[in-house]
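Presented below is the structure to which this report refers.
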Amino acid sequence: MPHILITNDDGYQAPALQALAAALSAVGRVTVFAPDHNWSAAGHTKTMHKPLRIDRRAWPDGTPVITTTGTPSDCVGLALLGVVAEPLDLVVSGINQGVNLGHDVTYSGTLAAAMEATVFGLPAIAASQDICAGCAGDLTFAADTVARLARHVLAHGLPQDVLLNVNFPALPAGEVRGIQLTRLGRRIYRDVLIERLDPKGRPYYWIGGDPPAGEPVVGTDVGALAQGYISITPLNLDMTDPAQLAELVTWGLQ
Ligand code: MN
């Protein structure tokens, strides 16, 4: 029976993590190891300058859960470095509440946890679901779909450095149009700098603004979600750009 580690960046109490555990329990033995609070947009971090604490807890249904003060990627690192003694076959991160499309993958703690598994040579899936006011994404449907994908990953494996990024639209299961296999799209960030004054009159800053939009290009994750599809995007940690490498050769730097 495969052994699957699940984690997230929304914290161990997230209902979506519990839905993921329930669905993946049909695929293998599940170990839950998640941050003790929300780390959304933590990116791929390795905590090096302060100690990490680990607690053994349980969900209300009795499922044992390992939590840490560390980041999502720390969860996977700690697990694979020996906190989880039994060998692991797959890491699944999510299901994040909020999509991770295009350049989001560089900010996302959900992706970072999956990428940490990739660094360790384990196959990994990152899963996220769109949210918006009045939307009704179906968590059970998304979790069951991730479980289906997990069976495929366990059967086929993934190449070195490759992980899968899955995003679900915020639609009832019956309105999801299917699965599209996609490349990363382009996000349009609408961040704004918010400056305020603290009680001593010194400025402090927030990065605020509206949620990101995106270019709904056909064949991309952004495009798939805009049309009501699930997107599955294979990502490669080798971020080398071959075309620019060839271009750099012509610059005469060597
Ligand atoms: Mn999150």
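Going through the structure tokens in order, the chains are called A, B, and so on, while each chain numbers its residues from 1 and the ligands are numbered from 1 in the order shown.
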
For the contact check between chain A and ligand 1, emit one row per residue of chain A within 7 Å, containing the shortest atom pair and the distance in Å rounded to one decimal, counting only C-alpha atoms and all ligand atoms, chain then rising number order, as a tab-separated table.
residue	atom	partner	partner_atom_place_in_ligand_line	distance
A:Asp9	CA	ligand 1	1 (Mn)	4.8
A:Asp10	CA	ligand 1	1 (Mn)	4.4
A:Asn38	CA	ligand 1	1 (Mn)	6.8
A:Trp39	CA	ligand 1	1 (Mn)	6.5
A:Ser40	CA	ligand 1	1 (Mn)	3.8
A:Ala41	CA	ligand 1	1 (Mn)	6.7
A:Asn96	CA	ligand 1	1 (Mn)	4.9
A:Gln97	CA	ligand 1	1 (Mn)	5.7
A:Gly98	CA	ligand 1	1 (Mn)	6.7
A:Gly109	CA	ligand 1	1 (Mn)	6.7
A:Thr110	CA	ligand 1	1 (Mn)	6.4

Legend entry - Surrounding residues of Gly94 of chain A excluding itself and chain neighbours under 3 positions, 9 Å, only C-alpha atoms, as a list of chain:residue names: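 So, after excluding close chain neighbours, the residues are A:Ile6, A:Thr7, A:Asn8, A:Asp9, A:Asp10, A:Ala16, A:Leu17, A:Leu20, A:Gln97, A:Thr110, A:Leu111, A:Ile125, A:Ala126, A:Ala127, A:Ser128, A:Gln129.
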
Inset, instruction - List the neighbours of Leu80 of chain A out to 10 Å using only C-alpha atoms; skip same-chain residues closer than 3 positions along the sequence, and give me the result as number ranges by chain. - result: A: 5, 74-77, 83-88, 116-117, 120, 122

Would you save the residues from that selection as a short mmCIF file (atom, residue, chain, number, x, y, z; two decimals), in the first residue's frame, using N, CA, C and O atoms?
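That gives us part_28.cif:
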data_model
loop_
_atom_site.label_atom_id
_atom_site.label_comp_id
_atom_site.auth_asym_id
_atom_site.auth_seq_id
_atom_site.Cartn_x
_atom_site.Cartn_y
_atom_site.Cartn_z
N LEU A 5 2.18 11.38 1.89
CA LEU A 5 2.25 12.51 2.83
C LEU A 5 1.38 13.63 2.28
O LEU A 5 1.50 13.99 1.10
N ASP A 74 9.01 23.41 4.88
CA ASP A 74 9.64 22.79 6.06
C ASP A 74 8.91 21.50 6.45
O ASP A 74 9.56 20.53 6.87
N CYS A 75 7.60 21.49 6.34
CA CYS A 75 6.84 20.26 6.68
C CYS A 75 7.37 19.07 5.90
O CYS A 75 7.61 18.00 6.46
N VAL A 76 7.53 19.27 4.60
CA VAL A 76 7.97 18.17 3.74
C VAL A 76 9.43 17.84 4.03
O VAL A 76 9.81 16.67 4.12
N GLY A 77 10.25 18.87 4.19
CA GLY A 77 11.66 18.64 4.52
C GLY A 77 11.82 17.87 5.82
O GLY A 77 12.56 16.89 5.89
N VAL A 83 11.44 12.82 10.42
CA VAL A 83 10.35 12.93 11.40
C VAL A 83 9.26 11.88 11.09
O VAL A 83 8.66 11.32 12.00
N VAL A 84 9.04 11.65 9.80
CA VAL A 84 8.18 10.52 9.40
C VAL A 84 9.12 9.36 9.07
O VAL A 84 9.87 9.42 8.09
N ALA A 85 9.11 8.35 9.90
CA ALA A 85 10.12 7.29 9.79
C ALA A 85 9.89 6.38 8.58
O ALA A 85 10.85 5.94 7.94
N GLU A 86 8.63 6.10 8.27
CA GLU A 86 8.35 5.14 7.20
C GLU A 86 8.53 5.80 5.84
O GLU A 86 8.18 6.96 5.65
N PRO A 87 9.08 5.05 4.87
CA PRO A 87 9.31 5.63 3.54
C PRO A 87 8.01 6.14 2.90
O PRO A 87 6.94 5.59 3.14
N LEU A 88 8.15 7.20 2.10
CA LEU A 88 6.99 7.81 1.43
C LEU A 88 7.07 7.58 -0.07
O LEU A 88 8.16 7.47 -0.65
N GLU A 116 9.39 20.90 -2.67
CA GLU A 116 10.35 20.33 -1.72
C GLU A 116 10.41 18.82 -1.88
O GLU A 116 11.51 18.23 -1.84
N ALA A 117 9.26 18.20 -2.10
CA ALA A 117 9.25 16.75 -2.36
C ALA A 117 10.02 16.44 -3.65
O ALA A 117 10.77 15.46 -3.71
N PHE A 120 13.60 16.31 -3.17
CA PHE A 120 14.00 15.06 -2.52
C PHE A 120 13.84 13.85 -3.45
O PHE A 120 14.14 12.73 -3.04
N LEU A 122 10.93 12.76 -4.79
CA LEU A 122 9.63 12.09 -4.65
C LEU A 122 8.62 12.73 -5.60
O LEU A 122 8.63 13.95 -5.78
#

Inset, instruction - Skip segment 151-158 of chain A itself and residues of its chain fewer than 2 positions away, then list as a count of residues only all residues within 6 Å of it, counting only C-alpha atoms. - result: 3

Legend entry - Point-to-point distance from atom CA of Ala114 of chain A to atom CA of Ile179 of chain A, Å rounded to tenths: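 A separation of 20.6 Å between them.
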
Inset, instruction - Can you check which residues of segment 54-156 of chain A DSSP gives as strand (DSSP E) on the backbone and send them as an NGL selection string? - result: :A and (54-58 or 64-68 or 90-97 or 124-129)

I need the chosen residues saved as a PDB file, in the first residue's frame, with N, CA and C atoms.
ATOM      1  N   ILE A  54       7.681  20.743  16.718  1.00  0.00           N
ATOM      2  CA  ILE A  54       6.741  19.775  16.147  1.00  0.00           C
ATOM      3  C   ILE A  54       5.776  19.340  17.235  1.00  0.00           C
ATOM      4  N   ASP A  55       4.491  19.285  16.872  1.00  0.00           N
ATOM      5  CA  ASP A  55       3.462  18.807  17.809  1.00  0.00           C
ATOM      6  C   ASP A  55       2.677  17.669  17.172  1.00  0.00           C
ATOM      7  N   ARG A  56       2.319  16.719  18.006  1.00  0.00           N
ATOM      8  CA  ARG A  56       1.445  15.615  17.568  1.00  0.00           C
ATOM      9  C   ARG A  56       0.045  15.950  18.032  1.00  0.00           C
ATOM     10  N   ARG A  57      -0.841  16.145  17.075  1.00  0.00           N
ATOM     11  CA  ARG A  57      -2.216  16.529  17.410  1.00  0.00           C
ATOM     12  C   ARG A  57      -3.171  15.554  16.735  1.00  0.00           C
ATOM     13  N   ALA A  58      -4.457  15.899  16.771  1.00  0.00           N
ATOM     14  CA  ALA A  58      -5.459  15.092  16.075  1.00  0.00           C
ATOM     15  C   ALA A  58      -6.581  15.995  15.604  1.00  0.00           C
ATOM     16  N   PRO A  64      -4.644  11.315  13.417  1.00  0.00           N
ATOM     17  CA  PRO A  64      -3.434  11.962  13.928  1.00  0.00           C
ATOM     18  C   PRO A  64      -2.842  12.931  12.911  1.00  0.00           C
ATOM     19  N   VAL A  65      -2.353  14.046  13.399  1.00  0.00           N
ATOM     20  CA  VAL A  65      -1.800  15.094  12.550  1.00  0.00           C
ATOM     21  C   VAL A  65      -0.496  15.582  13.183  1.00  0.00           C
ATOM     22  N   ILE A  66       0.546  15.657  12.374  1.00  0.00           N
ATOM     23  CA  ILE A  66       1.793  16.263  12.837  1.00  0.00           C
ATOM     24  C   ILE A  66       1.793  17.711  12.377  1.00  0.00           C
ATOM     25  N   THR A  67       2.084  18.619  13.299  1.00  0.00           N
ATOM     26  CA  THR A  67       2.148  20.028  12.913  1.00  0.00           C
ATOM     27  C   THR A  67       3.515  20.592  13.278  1.00  0.00           C
ATOM     28  N   THR A  68       3.858  21.689  12.618  1.00  0.00           N
ATOM     29  CA  THR A  68       5.111  22.373  12.921  1.00  0.00           C
ATOM     30  C   THR A  68       4.908  23.875  12.879  1.00  0.00           C
ATOM     31  N   LEU A  90       4.631   9.382  -2.224  1.00  0.00           N
ATOM     32  CA  LEU A  90       3.992  10.509  -2.919  1.00  0.00           C
ATOM     33  C   LEU A  90       3.727  11.614  -1.898  1.00  0.00           C
ATOM     34  N   VAL A  91       3.858  12.864  -2.337  1.00  0.00           N
ATOM     35  CA  VAL A  91       3.478  14.011  -1.510  1.00  0.00           C
ATOM     36  C   VAL A  91       2.393  14.787  -2.248  1.00  0.00           C
ATOM     37  N   VAL A  92       1.314  15.095  -1.539  1.00  0.00           N
ATOM     38  CA  VAL A  92       0.240  15.901  -2.118  1.00  0.00           C
ATOM     39  C   VAL A  92       0.025  17.117  -1.221  1.00  0.00           C
ATOM     40  N   SER A  93       0.001  18.291  -1.827  1.00  0.00           N
ATOM     41  CA  SER A  93      -0.130  19.548  -1.088  1.00  0.00           C
ATOM     42  C   SER A  93      -1.413  20.257  -1.500  1.00  0.00           C
ATOM     43  N   GLY A  94      -2.243  20.594  -0.507  1.00  0.00           N
ATOM     44  CA  GLY A  94      -3.474  21.322  -0.803  1.00  0.00           C
ATOM     45  C   GLY A  94      -4.616  20.839   0.070  1.00  0.00           C
ATOM     46  N   ILE A  95      -5.817  20.976  -0.302  1.00  0.00           N
ATOM     47  CA  ILE A  95      -6.174  21.679  -1.536  1.00  0.00           C
ATOM     48  C   ILE A  95      -6.256  23.151  -1.193  1.00  0.00           C
ATOM     49  N   ASN A  96      -5.353  23.953  -1.754  1.00  0.00           N
ATOM     50  CA  ASN A  96      -5.318  25.363  -1.389  1.00  0.00           C
ATOM     51  C   ASN A  96      -6.632  26.048  -1.729  1.00  0.00           C
ATOM     52  N   GLN A  97      -7.042  26.951  -0.849  1.00  0.00           N
ATOM     53  CA  GLN A  97      -8.242  27.744  -1.134  1.00  0.00           C
ATOM     54  C   GLN A  97      -7.816  29.024  -1.830  1.00  0.00           C
ATOM     55  N   ALA A 124       5.221  14.455  -6.704  1.00  0.00           N
ATOM     56  CA  ALA A 124       4.411  15.390  -5.920  1.00  0.00           C
ATOM     57  C   ALA A 124       3.328  16.027  -6.774  1.00  0.00           C
ATOM     58  N   ILE A 125       2.227  16.321  -6.084  1.00  0.00           N
ATOM     59  CA  ILE A 125       1.090  17.012  -6.691  1.00  0.00           C
ATOM     60  C   ILE A 125       0.737  18.199  -5.810  1.00  0.00           C
ATOM     61  N   ALA A 126       0.553  19.362  -6.432  1.00  0.00           N
ATOM     62  CA  ALA A 126       0.011  20.536  -5.737  1.00  0.00           C
ATOM     63  C   ALA A 126      -1.399  20.763  -6.267  1.00  0.00           C
ATOM     64  N   ALA A 127      -2.356  20.972  -5.371  1.00  0.00           N
ATOM     65  CA  ALA A 127      -3.750  21.152  -5.791  1.00  0.00           C
ATOM     66  C   ALA A 127      -4.326  22.406  -5.160  1.00  0.00           C
ATOM     67  N   SER A 128      -5.094  23.138  -5.956  1.00  0.00           N
ATOM     68  CA  SER A 128      -5.690  24.392  -5.503  1.00  0.00           C
ATOM     69  C   SER A 128      -7.084  24.529  -6.106  1.00  0.00           C
ATOM     70  N   GLN A 129      -7.936  25.242  -5.386  1.00  0.00           N
ATOM     71  CA  GLN A 129      -9.296  25.454  -5.869  1.00  0.00           C
ATOM     72  C   GLN A 129      -9.636  26.932  -5.815  1.00  0.00           C
TER      73      GLN A 129
END

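With only C-alpha atoms as the atoms that count, the minimum distance from Leu163 of chain A to the choices A:Ala150, A:Met48, A:Arg202, A:Gly219 is reached by A:Ala150.
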
Legend entry - Non-local contacts of Trp206 of chain A (10 Å; only C-alpha atoms; under 2 positions in same chain excluded) as a PyMOL selection string: chain A and resi 191-196+204+208-209
